[in-house]
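The data block below is coords-v6.csv; it holds CSV, C-alpha atoms.
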chain,number,residue,atom,x,y,z
A,1,MET,CA,66.2,-18.8,29.6
A,2,PRO,CA,64.0,-21.9,29.7
A,3,PHE,CA,60.6,-21.7,27.9
A,4,GLU,CA,57.7,-21.5,30.4
A,5,LYS,CA,54.6,-23.3,29.3
A,6,PRO,CA,51.6,-21.1,29.8
A,7,GLU,CA,49.0,-22.4,32.2
A,8,PHE,CA,45.9,-23.8,30.5
A,9,GLN,CA,42.7,-21.8,31.2
A,10,PRO,CA,39.5,-23.6,30.2
A,11,ARG,CA,36.8,-21.3,28.8
A,12,THR,CA,33.3,-21.8,30.2
A,13,ILE,CA,30.8,-21.8,27.4
A,14,PRO,CA,27.5,-20.2,28.2
A,15,LYS,CA,24.5,-22.5,28.2
A,16,ASP,CA,22.8,-20.9,25.3
A,17,GLU,CA,26.0,-21.0,23.2
A,18,PHE,CA,26.4,-24.7,24.1
A,19,PHE,CA,23.0,-25.7,22.9
A,20,ALA,CA,23.3,-23.5,19.8
A,21,LYS,CA,26.6,-25.4,18.9
A,22,ALA,CA,25.0,-28.8,19.7
A,23,GLU,CA,22.1,-28.0,17.5
A,24,ALA,CA,24.4,-27.5,14.6
A,25,LEU,CA,26.1,-30.9,15.0
A,26,THR,CA,25.0,-33.9,13.0
A,27,GLU,CA,23.6,-37.0,14.7
A,28,GLU,CA,26.8,-38.9,14.1
A,29,GLU,CA,28.9,-36.1,15.6
A,30,LEU,CA,26.6,-36.0,18.7
A,31,MET,CA,26.9,-39.8,19.1
A,32,GLN,CA,30.7,-39.5,18.9
A,33,LEU,CA,30.6,-36.9,21.7
A,34,GLY,CA,28.3,-39.1,23.8
A,35,LEU,CA,25.4,-36.7,23.6
A,36,GLY,CA,22.9,-39.1,22.0
A,37,LYS,CA,20.6,-38.5,19.1
A,38,LYS,CA,19.1,-35.1,18.3
A,39,GLU,CA,15.3,-34.9,18.8
A,40,LYS,CA,13.9,-33.5,15.6
A,41,LYS,CA,11.7,-30.5,16.2
A,42,SER,CA,9.3,-28.6,14.1
A,43,SER,CA,9.7,-24.9,13.2
A,44,GLN,CA,7.4,-24.3,16.2
A,45,GLY,CA,9.8,-26.1,18.5
A,46,VAL,CA,7.5,-29.1,19.0
A,47,GLY,CA,9.3,-32.5,19.1
A,48,PRO,CA,7.8,-36.0,18.7
A,49,LEU,CA,8.0,-36.8,22.5
A,50,LEU,CA,5.2,-35.5,24.6
A,51,GLU,CA,5.6,-35.7,28.4
A,52,ALA,CA,2.7,-35.0,30.7
A,53,SER,CA,1.4,-35.8,34.2
A,54,PHE,CA,-2.1,-36.9,35.2
A,55,ARG,CA,-3.3,-36.8,38.8
A,56,ASN,CA,-5.5,-39.9,39.4
A,57,PRO,CA,-8.6,-38.4,41.2
A,58,GLU,CA,-9.3,-41.8,42.8
A,59,SER,CA,-5.8,-42.5,44.3
A,60,GLY,CA,-4.4,-39.0,44.4
A,61,GLN,CA,-1.2,-40.3,42.7
A,62,GLU,CA,0.6,-38.6,39.8
A,63,GLN,CA,0.9,-40.7,36.7
A,64,ALA,CA,3.7,-39.8,34.3
A,65,ILE,CA,2.6,-40.1,30.6
A,66,GLU,CA,4.8,-40.2,27.6
A,67,ILE,CA,3.7,-40.4,24.0
A,68,ASN,CA,6.2,-40.6,21.2
A,69,LEU,CA,4.6,-39.6,17.9
A,70,GLU,CA,7.4,-41.1,15.7
A,71,GLU,CA,7.0,-44.5,17.4
A,72,LYS,CA,3.3,-44.3,16.8
A,73,ILE,CA,3.8,-43.4,13.1
A,74,VAL,CA,6.0,-46.4,12.7
A,75,GLU,CA,3.4,-48.6,14.4
A,76,PHE,CA,0.5,-47.4,12.3
A,77,ARG,CA,2.4,-47.2,9.1
A,78,LYS,CA,3.0,-51.0,9.4
A,79,PHE,CA,-0.6,-51.6,10.6
A,80,TYR,CA,-2.3,-49.9,7.7
A,81,LYS,CA,0.1,-51.3,5.1
A,82,ASP,CA,-0.2,-54.9,6.4
A,83,LYS,CA,-3.9,-54.9,7.0
A,84,PHE,CA,-5.3,-52.6,4.3
A,85,ASN,CA,-2.4,-52.0,1.9
A,86,LEU,CA,-2.8,-48.3,2.7
A,87,GLU,CA,0.0,-45.7,2.8
A,88,ILE,CA,-0.5,-43.1,5.5
A,89,ASN,CA,0.4,-39.4,5.0
A,90,GLU,CA,3.0,-39.0,7.6
A,91,ALA,CA,3.5,-35.3,7.0
A,92,GLU,CA,-0.2,-34.6,7.6
A,93,ILE,CA,0.0,-36.5,10.9
A,94,ARG,CA,3.0,-34.5,12.1
A,95,ASN,CA,1.2,-31.3,11.1
A,96,ILE,CA,-1.8,-32.2,13.3
A,97,TRP,CA,0.6,-33.0,16.2
A,98,VAL,CA,2.4,-29.7,15.9
A,99,ASN,CA,-0.7,-27.5,15.3
A,100,ASN,CA,-2.5,-29.0,18.3
A,101,HIS,CA,0.4,-29.9,20.6
A,102,ALA,CA,-0.6,-27.6,23.5
A,103,GLU,CA,-4.2,-28.8,23.5
A,104,ILE,CA,-3.2,-32.4,23.2
A,105,LYS,CA,-1.0,-32.1,26.3
A,106,SER,CA,-3.8,-30.2,28.2
A,107,GLU,CA,-6.3,-33.0,27.4
A,108,ILE,CA,-3.9,-35.7,28.6
A,109,GLU,CA,-3.3,-33.8,31.9
A,110,LYS,CA,-7.0,-33.4,32.5
A,111,TYR,CA,-8.3,-36.8,31.6
A,112,GLY,CA,-5.3,-39.2,31.7
A,113,TYR,CA,-5.3,-40.2,28.0
A,114,ASP,CA,-2.1,-42.3,27.6
A,115,SER,CA,-2.3,-43.6,24.1
A,116,ILE,CA,-3.2,-42.5,20.6
A,117,LEU,CA,-4.8,-43.9,17.4
A,118,ILE,CA,-3.9,-42.6,14.0
A,119,VAL,CA,-6.8,-42.8,11.6
A,120,PRO,CA,-6.4,-42.0,7.9
A,121,GLU,CA,-8.9,-40.1,5.7
A,122,ASN,CA,-9.4,-43.1,3.5
A,123,LEU,CA,-10.2,-45.7,6.1
A,124,PRO,CA,-12.4,-48.4,4.5
A,125,GLY,CA,-16.0,-49.1,5.6
A,126,GLU,CA,-16.9,-51.0,8.7
A,127,ALA,CA,-17.4,-54.4,7.0
A,128,GLU,CA,-13.9,-54.3,5.5
A,129,VAL,CA,-12.3,-53.0,8.7
A,130,ASN,CA,-13.9,-55.8,10.7
A,131,ARG,CA,-13.0,-58.5,8.2
A,132,LYS,CA,-9.3,-57.4,8.0
A,133,ALA,CA,-8.6,-56.1,11.5
A,134,ILE,CA,-10.8,-58.2,13.7
A,135,GLU,CA,-11.5,-61.5,12.1
A,136,THR,CA,-7.8,-62.1,11.2
A,137,ILE,CA,-6.8,-62.0,14.9
A,138,ASP,CA,-4.9,-65.1,15.7
A,139,GLU,CA,-4.5,-65.8,19.4
A,140,GLY,CA,-2.0,-68.6,18.8
A,141,ALA,CA,-1.2,-71.2,21.5
A,142,GLY,CA,-3.5,-73.8,20.0
A,143,LYS,CA,-6.4,-71.3,19.8
A,144,GLY,CA,-6.0,-70.0,16.3
A,145,LYS,CA,-8.2,-67.3,14.7
A,146,VAL,CA,-11.0,-65.7,16.7
A,147,ALA,CA,-14.6,-66.4,15.9
A,148,ALA,CA,-16.6,-64.2,13.5
A,149,THR,CA,-18.0,-61.0,15.1
A,150,LYS,CA,-21.5,-61.4,16.6
A,151,TYR,CA,-23.7,-58.5,15.3
A,152,TRP,CA,-26.7,-58.3,17.6
A,153,ALA,CA,-27.7,-55.2,15.5
A,154,GLU,CA,-27.8,-55.8,11.7
A,155,GLN,CA,-24.4,-54.9,10.4
A,156,GLN,CA,-25.7,-53.2,7.3
A,157,SER,CA,-27.8,-50.8,9.5
A,158,ILE,CA,-24.8,-49.4,11.3
A,159,VAL,CA,-23.9,-45.9,10.2
A,160,SER,CA,-20.9,-43.9,11.6
A,161,VAL,CA,-20.4,-40.1,11.5
A,162,LYS,CA,-18.4,-39.4,8.4
A,163,GLU,CA,-15.1,-37.6,8.9
A,164,ASN,CA,-13.0,-38.0,5.8
A,165,LYS,CA,-9.8,-36.5,7.3
A,166,TYR,CA,-6.7,-37.6,9.1
A,167,LYS,CA,-7.1,-37.8,12.8
A,168,ILE,CA,-5.0,-38.3,15.9
A,169,ILE,CA,-7.3,-39.7,18.6
A,170,LEU,CA,-6.4,-39.7,22.3
A,171,THR,CA,-7.5,-42.8,24.1
A,172,HIS,CA,-7.0,-44.8,27.3
A,173,SER,CA,-5.0,-48.0,27.3
A,174,ALA,CA,-7.0,-49.4,30.2
A,175,GLN,CA,-8.3,-52.9,29.2
A,176,ASN,CA,-11.6,-52.5,31.0
A,177,LEU,CA,-13.5,-49.4,32.0
A,178,ALA,CA,-13.2,-50.2,35.6
A,179,ASP,CA,-9.4,-49.9,35.3
A,180,GLN,CA,-9.4,-46.1,34.8
A,181,PRO,CA,-11.3,-43.8,37.2
A,182,LEU,CA,-12.8,-41.5,34.6
A,183,LEU,CA,-14.0,-44.4,32.5
A,184,LYS,CA,-15.4,-46.2,35.5
A,185,VAL,CA,-17.7,-43.3,36.4
A,186,THR,CA,-19.4,-43.5,33.0
A,187,LYS,CA,-20.8,-46.9,33.8
A,188,GLY,CA,-24.6,-47.1,34.3
A,189,LYS,CA,-25.3,-43.8,32.5
A,190,ASN,CA,-27.5,-43.4,29.5
A,191,ILE,CA,-26.9,-41.2,26.5
A,192,MET,CA,-28.8,-38.2,27.8
A,193,THR,CA,-26.7,-38.2,31.0
A,194,LEU,CA,-23.4,-38.6,29.1
A,195,THR,CA,-24.1,-35.8,26.6
A,196,GLY,CA,-26.2,-33.4,28.6
A,197,LEU,CA,-28.8,-33.4,25.8
A,198,ASN,CA,-32.5,-34.1,26.1
A,199,PRO,CA,-34.2,-37.0,24.3
A,200,ASP,CA,-35.4,-34.9,21.4
A,201,GLU,CA,-31.9,-33.4,20.9
A,202,VAL,CA,-30.3,-36.9,21.0
A,203,ALA,CA,-32.9,-38.1,18.4
A,204,THR,CA,-32.2,-35.2,16.1
A,205,ARG,CA,-28.5,-35.8,16.2
A,206,ILE,CA,-28.9,-39.5,15.5
A,207,THR,CA,-31.2,-38.8,12.6
A,208,GLY,CA,-28.9,-36.2,11.2
A,209,ASN,CA,-25.8,-38.5,11.5
A,210,GLN,CA,-24.3,-35.9,13.9
A,211,GLU,CA,-21.8,-36.6,16.6
A,212,LEU,CA,-23.0,-37.2,20.2
A,213,SER,CA,-20.4,-35.3,22.3
A,214,VAL,CA,-19.7,-36.0,26.0
A,215,ASN,CA,-20.7,-33.2,28.4
A,216,LEU,CA,-20.8,-34.7,31.9
A,217,GLU,CA,-20.0,-33.8,35.5
A,218,VAL,CA,-18.9,-36.6,37.7
A,219,ASP,CA,-17.9,-37.0,41.3
A,220,VAL,CA,-14.8,-39.0,42.2
A,221,ASN,CA,-14.0,-39.2,45.9
A,222,GLY,CA,-15.8,-35.9,46.5
A,223,GLN,CA,-14.1,-34.1,43.7
A,224,LYS,CA,-16.3,-32.6,41.0
A,225,ILE,CA,-14.9,-33.2,37.5
A,226,GLU,CA,-16.3,-31.8,34.3
A,227,ILE,CA,-15.7,-34.1,31.3
A,228,LYS,CA,-15.9,-32.8,27.8
A,229,ALA,CA,-14.9,-35.4,25.4
A,230,GLU,CA,-15.9,-37.7,22.5
A,231,GLY,CA,-16.7,-41.3,21.9
A,232,LEU,CA,-15.4,-43.6,19.2
A,233,SER,CA,-17.0,-45.0,16.0
A,234,LEU,CA,-17.3,-48.7,15.5
A,235,GLU,CA,-14.5,-48.6,12.9
A,236,GLU,CA,-12.2,-46.7,15.2
A,237,TYR,CA,-13.0,-49.1,18.0
A,238,GLU,CA,-12.1,-52.1,15.8
A,239,ILE,CA,-8.8,-50.4,14.9
A,240,PHE,CA,-8.2,-49.9,18.6
A,241,GLN,CA,-9.1,-53.5,19.4
A,242,ARG,CA,-6.6,-54.9,16.9
A,243,THR,CA,-3.7,-52.6,17.8
A,244,TYR,CA,-4.3,-53.2,21.5
A,245,PHE,CA,-4.2,-57.0,20.9
A,246,GLU,CA,-1.0,-56.7,18.9
A,247,LYS,CA,0.6,-54.8,21.8
A,248,THR,CA,-0.7,-56.8,24.8
A,249,GLY,CA,-2.1,-60.1,23.5
A,250,LYS,CA,-5.4,-59.2,25.3
A,251,HIS,CA,-8.7,-57.7,24.2
A,252,LEU,CA,-10.4,-54.5,25.2
A,253,ASP,CA,-13.6,-54.7,27.2
A,254,GLU,CA,-13.6,-58.3,28.2
A,255,ILE,CA,-15.6,-57.1,31.2
A,256,GLY,CA,-18.6,-54.9,30.4
A,257,TRP,CA,-19.6,-52.9,27.3
A,258,THR,CA,-18.8,-49.5,25.9
A,259,TRP,CA,-21.0,-47.1,24.0
A,260,LEU,CA,-19.7,-46.0,20.6
A,261,LEU,CA,-21.1,-42.5,20.3
A,262,LYS,CA,-20.1,-42.0,16.7
A,263,SER,CA,-22.0,-45.0,15.4
A,264,CYS,CA,-25.8,-45.6,15.3
A,265,SER,CA,-28.2,-48.2,14.1
A,266,GLY,CA,-31.5,-46.6,13.2
A,267,SER,CA,-32.6,-44.7,16.3
A,268,ARG,CA,-30.2,-46.6,18.6
A,269,VAL,CA,-26.6,-46.1,19.6
A,270,VAL,CA,-24.0,-48.8,19.0
A,271,LEU,CA,-22.1,-50.5,21.7
A,272,ALA,CA,-19.4,-53.2,21.8
A,273,SER,CA,-17.6,-55.7,24.0
A,274,TRP,CA,-15.3,-58.8,23.8
A,275,SER,CA,-16.4,-62.2,24.9
A,276,PRO,CA,-13.3,-64.2,25.9
A,277,GLY,CA,-15.2,-67.4,26.3
A,278,VAL,CA,-16.4,-67.6,22.7
A,279,ARG,CA,-13.4,-65.5,21.5
A,280,GLN,CA,-15.4,-62.9,19.6
A,281,LEU,CA,-16.2,-59.2,19.3
A,282,ASN,CA,-19.9,-58.4,20.1
A,283,VAL,CA,-21.6,-55.5,18.5
A,284,SER,CA,-25.1,-54.3,19.5
A,285,ALA,CA,-27.2,-51.2,19.6
A,286,TYR,CA,-29.4,-49.9,22.5
A,287,ASP,CA,-32.0,-47.2,22.8
A,288,PRO,CA,-30.4,-43.9,24.2
A,289,GLY,CA,-32.2,-44.3,27.5
A,290,ASN,CA,-30.6,-47.6,28.4
A,291,ALA,CA,-28.4,-47.3,31.5
A,292,ALA,CA,-27.2,-50.9,32.1
A,293,VAL,CA,-24.8,-51.2,35.0
A,294,ASP,CA,-22.1,-53.0,32.9
A,295,LEU,CA,-22.3,-50.4,30.1
A,296,GLY,CA,-20.1,-47.3,30.1
A,297,LEU,CA,-18.1,-45.2,27.7
A,298,ARG,CA,-14.5,-45.1,26.3
A,299,LEU,CA,-13.7,-41.4,26.3
A,300,SER,CA,-11.6,-40.0,23.5
A,301,ARG,CA,-10.6,-36.7,21.9
A,302,SER,CA,-9.7,-36.4,18.2
A,303,PHE,CA,-7.6,-33.8,16.5
A,304,SER,CA,-7.3,-32.9,12.8
A,305,ASN,CA,-6.3,-30.1,10.5
Encoded form (structure tokens):
Amino acid sequence: MPFEKPEFQPRTIPKDEFFAKAEALTEEELMQLGLGKKEKKSSQGVGPLLEASFRNPESGQEQAIEINLEEKIVEFRKFYKDKFNLEINEAEIRNIWVNNHAEIKSEIEKYGYDSILIVPENLPGEAEVNRKAIETIDEGAGKGKVAATKYWAEQQSIVSVKENKYKIILTHSAQNLADQPLLKVTKGKNIMTLTGLNPDEVATRITGNQELSVNLEVDVNGQKIEIKAEGLSLEEYEIFQRTYFEKTGKHLDEIGWTWLLKSCSGSRVVLASWSPGVRQLNVSAYDPGNAAVDLGLRLSRSFSN
């Protein structure tokens, strides 16, 4: 009697079982199977890639935002090593990301932050940051290095809020404030309006070297939006300026000025802009009551352990 070959019956693997088996494979095995690389996740199930969506209140359009922490770590590892000969604590940065992941995503969805800064606990003082991050910028194409920073406020008088800890700072990649709706609506507003504090409260915070936090309600196309955020220090802004240039070949705030709420000069609050004509960073300080039409605020939100 001839042998009859049994009919092959494929077994359907339940979805949960499939992913459990895939998780046990090495990256090399996954690549051989055409499944790509594994995304490394923390014990809390948080991976390096954060995906979020922001609804632009001006246009009504949804903006997809992706931030990959590991790519940012690579970028800032090289930046701090090259510019300051600093090694960054990558484990601490990843811990901040994991511990604050849900709130980071929530802030991105509310305010449209689409980029991050990584700031180490041992960041040098402003004079060194400026010398190594700003005045070494080379624009190439026959232009060469930029001009020395113009300090309209005495450089030695500038004091920033001290925060000796690692930080992940959410920011906007918009070149100028007018390019992002929630930055644009901060233009023409003084410190009291931006913070919701009265003049005496602002003066007390400046004297005590305390942060001036943003607490503001704005109207965008008839939509009331409450903004609770932070500003940047001059040192953080200079880091942002340099990393932005290295990515884009352009400079932040070539049109208009931004308040830097974490830096003050005497009783005044620091502000900055870039002058493309003379190719230099401008740093000044205004009384808190100043509400110039070309002066606004780069919103930010920092996270640390």
Can you list, as an MDAnalysis selection string, every protein, DNA or RNA residue that comes within 10 Å of region 61-68 of chain A when you count all atoms listed in the file, leaving out same-chain residues fewer than 3 positions away? chainID A and resid 47:58 71:73 105 108:109 112:116
Next, dump the selected residues to file, keeping only C-alpha atoms, as a short mmCIF file (atom, residue, chain, number, x, y, z; two decimals), keeping the file's coordinate frame.
data_model
loop_
_atom_site.label_atom_id
_atom_site.label_comp_id
_atom_site.auth_asym_id
_atom_site.auth_seq_id
_atom_site.Cartn_x
_atom_site.Cartn_y
_atom_site.Cartn_z
CA GLY A 47 9.30 -32.50 19.10
CA PRO A 48 7.80 -36.00 18.70
CA LEU A 49 8.00 -36.80 22.50
CA LEU A 50 5.20 -35.50 24.60
CA GLU A 51 5.60 -35.70 28.40
CA ALA A 52 2.70 -35.00 30.70
CA SER A 53 1.40 -35.80 34.20
CA PHE A 54 -2.10 -36.90 35.20
CA ARG A 55 -3.30 -36.80 38.80
CA ASN A 56 -5.50 -39.90 39.40
CA PRO A 57 -8.60 -38.40 41.20
CA GLU A 58 -9.30 -41.80 42.80
CA GLU A 71 7.00 -44.50 17.40
CA LYS A 72 3.30 -44.30 16.80
CA ILE A 73 3.80 -43.40 13.10
CA LYS A 105 -1.00 -32.10 26.30
CA ILE A 108 -3.90 -35.70 28.60
CA GLU A 109 -3.30 -33.80 31.90
CA GLY A 112 -5.30 -39.20 31.70
CA TYR A 113 -5.30 -40.20 28.00
CA ASP A 114 -2.10 -42.30 27.60
CA SER A 115 -2.30 -43.60 24.10
CA ILE A 116 -3.20 -42.50 20.60
#
Quick check, in Å to one decimal: how far apart do CA of Val270 (chain A) and CA of Glu230 (chain A) lie?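 One can read the CA of Val270 (chain A) to CA of Glu230 (chain A) distance as 14.2 Å.
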Protein and nucleic acid residues near (-16.9, -37.4, 38.6) (cut-off 9 Å, only C-alpha atoms) as a CSV table (one decimal) with C-alpha atoms, in the frame of the given file:
chain,number,residue,atom,x,y,z
A,57,PRO,CA,-8.6,-38.4,41.2
A,181,PRO,CA,-11.3,-43.8,37.2
A,182,LEU,CA,-12.8,-41.5,34.6
A,185,VAL,CA,-17.7,-43.3,36.4
A,186,THR,CA,-19.4,-43.5,33.0
A,216,LEU,CA,-20.8,-34.7,31.9
A,217,GLU,CA,-20.0,-33.8,35.5
A,218,VAL,CA,-18.9,-36.6,37.7
A,219,ASP,CA,-17.9,-37.0,41.3
A,220,VAL,CA,-14.8,-39.0,42.2
A,221,ASN,CA,-14.0,-39.2,45.9
A,222,GLY,CA,-15.8,-35.9,46.5
A,223,GLN,CA,-14.1,-34.1,43.7
A,224,LYS,CA,-16.3,-32.6,41.0
A,225,ILE,CA,-14.9,-33.2,37.5
A,226,GLU,CA,-16.3,-31.8,34.3
A,227,ILE,CA,-15.7,-34.1,31.3
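Distance-wise, CA of Phe84 (chain A) and CA of Tyr166 (chain A) end up 15.8 Å apart.
Counting from CA of Ala153 (chain A), the distance to CA of Leu281 (chain A) is 12.8 Å.
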From the options A:His251, A:Lys189, A:Arg242, A:Arg268, which residue's atoms come nearest to Leu295 (chain A), counting only C-alpha atoms? A:Lys189
I'd like the contact shell of region 236-239 of chain A - 8 Å cut-off, all atoms listed in the file, skipping same-chain residues fewer than 2 positions apart - returned as a list in words. Val119, Val129, Asn130, Ala133, Ile134, Leu232, Ser233, Leu234, Gln241, Arg242, Thr243 and Leu260 of chain A
Nearest-residue call for Asn122 (chain A), choices A:Thr149, A:Asn164, A:Gln155, A:Asn85, using only C-alpha atoms: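 That would be A:Asn164, the residue with the smallest distance to Asn122 (chain A).
In this comparison, which uses all atoms listed in the file, the residue of A:Ile255, A:Glu128, A:Val214, A:Asn100 approaching Gly277 (chain A) most closely is A:Ile255.
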Extract, using only C-alpha atoms, all DNA, RNA and protein residues at most 10 Å from Val146 (chain A), discarding same-chain residues fewer than 4 positions from it, and format them as JSON, numbers by chain. {"A": [134, 135, 136, 137, 138, 139, 140, 276, 278, 279, 280, 281]}
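The nearest approach to Phe245 (chain A) among the residues A:Ala178, A:Tyr111, A:Ser173, A:Gly196, with all atoms listed in the file taken into account, belongs to A:Ser173.
Using only C-alpha atoms, the shortest contact distance between Lys187 (chain A) and any of A:Leu69, A:Ile169, A:Ile118, A:Leu299 is found at A:Leu299.
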Option closest in space to Arg298 (chain A), from A:Asn282, A:Trp274, A:Gln180, A:Ser265 [counting all atoms listed in the file]: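 Closest to Arg298 (chain A), using all atoms listed in the file: A:Gln180.
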Can you pull out every residue within 10 Å of region 201-212 of chain A, counting all atoms listed in the file, but drop anything in the same chain fewer than 3 positions away, and send it as a short mmCIF file (atom, residue, chain, number, x, y, z; two decimals) with C-alpha atoms, keeping the file's coordinate frame?
data_model
loop_
_atom_site.label_atom_id
_atom_site.label_comp_id
_atom_site.auth_asym_id
_atom_site.auth_seq_id
_atom_site.Cartn_x
_atom_site.Cartn_y
_atom_site.Cartn_z
CA VAL A 159 -23.90 -45.90 10.20
CA SER A 160 -20.90 -43.90 11.60
CA VAL A 161 -20.40 -40.10 11.50
CA LYS A 162 -18.40 -39.40 8.40
CA ILE A 191 -26.90 -41.20 26.50
CA MET A 192 -28.80 -38.20 27.80
CA LEU A 194 -23.40 -38.60 29.10
CA THR A 195 -24.10 -35.80 26.60
CA GLY A 196 -26.20 -33.40 28.60
CA LEU A 197 -28.80 -33.40 25.80
CA ASN A 198 -32.50 -34.10 26.10
CA ASN A 215 -20.70 -33.20 28.40
CA ALA A 229 -14.90 -35.40 25.40
CA GLU A 230 -15.90 -37.70 22.50
CA GLY A 231 -16.70 -41.30 21.90
CA LEU A 232 -15.40 -43.60 19.20
CA SER A 233 -17.00 -45.00 16.00
CA LEU A 260 -19.70 -46.00 20.60
CA LEU A 261 -21.10 -42.50 20.30
CA LYS A 262 -20.10 -42.00 16.70
CA SER A 263 -22.00 -45.00 15.40
CA CYS A 264 -25.80 -45.60 15.30
CA SER A 265 -28.20 -48.20 14.10
CA GLY A 266 -31.50 -46.60 13.20
CA SER A 267 -32.60 -44.70 16.30
CA ARG A 268 -30.20 -46.60 18.60
CA VAL A 269 -26.60 -46.10 19.60
CA PRO A 288 -30.40 -43.90 24.20
#
